[in-house]
Amino acid sequence: MSALSALNAPATVRISGPPNSSFLVGYPGISATLPRIVGKVEIRPGAGYSAPVSVSMVRICLQRRETIHPAAENVAKRHLGTPRRETVDLVGKEVLLFRCVSGKEAESVIAMDLPFQIFIPFGRGGEETNRRIPPASLQLPSRTAETYYELVVTVQQGQSAQNRYTFPIPLQRYDTLSTFGMYNRPESKVMTADNIITLGISLPKWSYGPLDPITVYIKLAPNPDWMSKAKRVTIQKITLAIEEEITFNPEGDEPTKKVNKIAKHTQPVGTKMPDAGYVTNLGLVFPARDLRDADGIIKRGKPGFPLYEVTSFTTTSTLYKIEFFLSIKAHMTSARDITLRQPIVICPMDQQACKEEMDAIEQAAKDASHIDPNSPNLEERLIIFASEKEAIRHLGLCEVGGVKKMLIE
């Protein structure tokens with residue numbers, strides 16, 4: 001291989017995170033923790049062991065790729081329905097890691113370690129999408145909807161070659177934890193169908209995770225102005241269901257909704273409406289996915305997606321929105337059935353896991369208080385130019401009698 005073609009050969013690029021921790025530092029969704037991605041881009045020769053590479057510029061960014069295909073679950077519709085839609089957005093800002101000195105086309109490099117820090121937006125930001133908190137990574141069954149993050153490293157090698165390298169990054173959100181105080185305030189709602197009977201419910205809390213119990217206090221009360229009609233009413237049964245409502249293209253021209261029943265519990269009653277009303281508690285457990293196979297081994301997840309114990313959770317993206325509701329229905333004779341829908345929040349973690357995260361979140365907030373997002377303190381970058389004496393020592397090689405050999409210290 002000639003010296004010129006070796007210099008233009010693509011480099012080997014990889015990303016490494018901080019020692020003994022993941023790339024993601026802090027908790028997305030919780031602004032006090034300054035969520036950020038920390039690591040370094042490592043560039044080494046791609047051709048042979050020691051052929052230097054030409055590098056003009058190195059940039060890195062975090063990219064969100066989002067797709068929806070509402071018809072993907074049905075084989076016939078998949079081919080005949082609307083095609084898959086995709087959007088690609090930049091999350092935060094692109095960071096310039098290296099640029100060669102002006103007037104020079106490229107630097108001839110043996111090794112490069114370029115530390116970086118990308119801050120993840122943590123403000124609501126209104127209409128400014130680049131300031132909104134990014135939604136969590138998620139892939140629904142049959143890929144009907146998907147949110148996928150990747151770090152994109154762009155290496156400009158001279159005037160001709162510009163190579164892009166992508167690395168999947170799973171991203172979770174922590175602002176729906178069931179242990180936060182705002183979710184532990186009781187919620188109540190009242191509904192009537194024909195003014196004869198009123199259905200009232202009360203929820204002690206409204207954020208739940210996998211295998212968390214959900215309890216609803218229910219009261220059916222007669223209208224005192226229509227007592228003669230109310231006394232003829234028989235309460236047949238009361239059903240409680242958890243509904244998942246997916247809205248595809250919520251901000252677009254033709255949003256479509258799909259409602260799935262996740263769990264259901266029916267309580268037979270068969271009682272005439274008492275003068276004082278009918279009071280009961282209904283409960284069910286939010287279903288969880290088993291992450292283990294038949295041998296009890298946790299299956300390996302996909303690189304871009306965290307292992308969740310739920311199929312989906314409360315989230316809002318550009319192309320889709322997932323909401324959850326408790327649907328309570330009172331079935332009656334001599335009066336119209338009453339259905340009441342109460343929104344709830346579904347978190348990917350159960351109550352115990354949420355409790356365990358609270359201390360870590362508090363510590364992350366303390367650590368973040370010492371960081372200036374406008375001038376982050378990064379470790380020194382390492383650049384070994386091919387012109388340096390004994391440059392190949394950084395690749396674990398040395399030259400003996402004109403022959404490159406493995407270096408043994």
# chains A, B, ... in the order shown; residues from 1 in each chain; ligands from 1
>>> select_by_dssp(residues="stretch 241-381 of chain A", states="strand (DSSP E)", output="MDAnalysis selection string")
chainID A and resid 241:248 256:272 278:285 315:316 320:333 338:346
>>> residues_around(residues="stretch 228-230 of chain A", least_positions_apart="4", cutoff="10 Å", atoms="only C-alpha atoms", output="list in words")
Asn195, Ile196, Ile197, Ala221, Pro222, Asn223, Pro224, Thr234, Lys272, Met273, Pro274, Asp275, Gly277, Ser334 and Ala335 of chain A
>>> residues_around(residues="A:Trp206", least_positions_apart="2", cutoff="7 Å", atoms="only C-alpha atoms", output="list in words")
Tyr183, Asn184, Leu203, Tyr208, Ile344 and Val345 of chain A
>>> closest_residue(among="A:Phe180, A:Phe122, A:Tyr148, A:Phe286", to="A:Lys355", atoms="only C-alpha atoms")
A:Phe180
>>> closest_residue(among="A:Thr280, A:Ser369, A:Ser31, A:Ser207", to="A:Lys237", atoms="only C-alpha atoms")
A:Thr280
>>> residues_around(residues="A:Thr318", least_positions_apart="3", cutoff="8 Å", atoms="only C-alpha atoms", output="JSON, numbers by chain")
{"A": [66, 249, 250, 251, 321]}
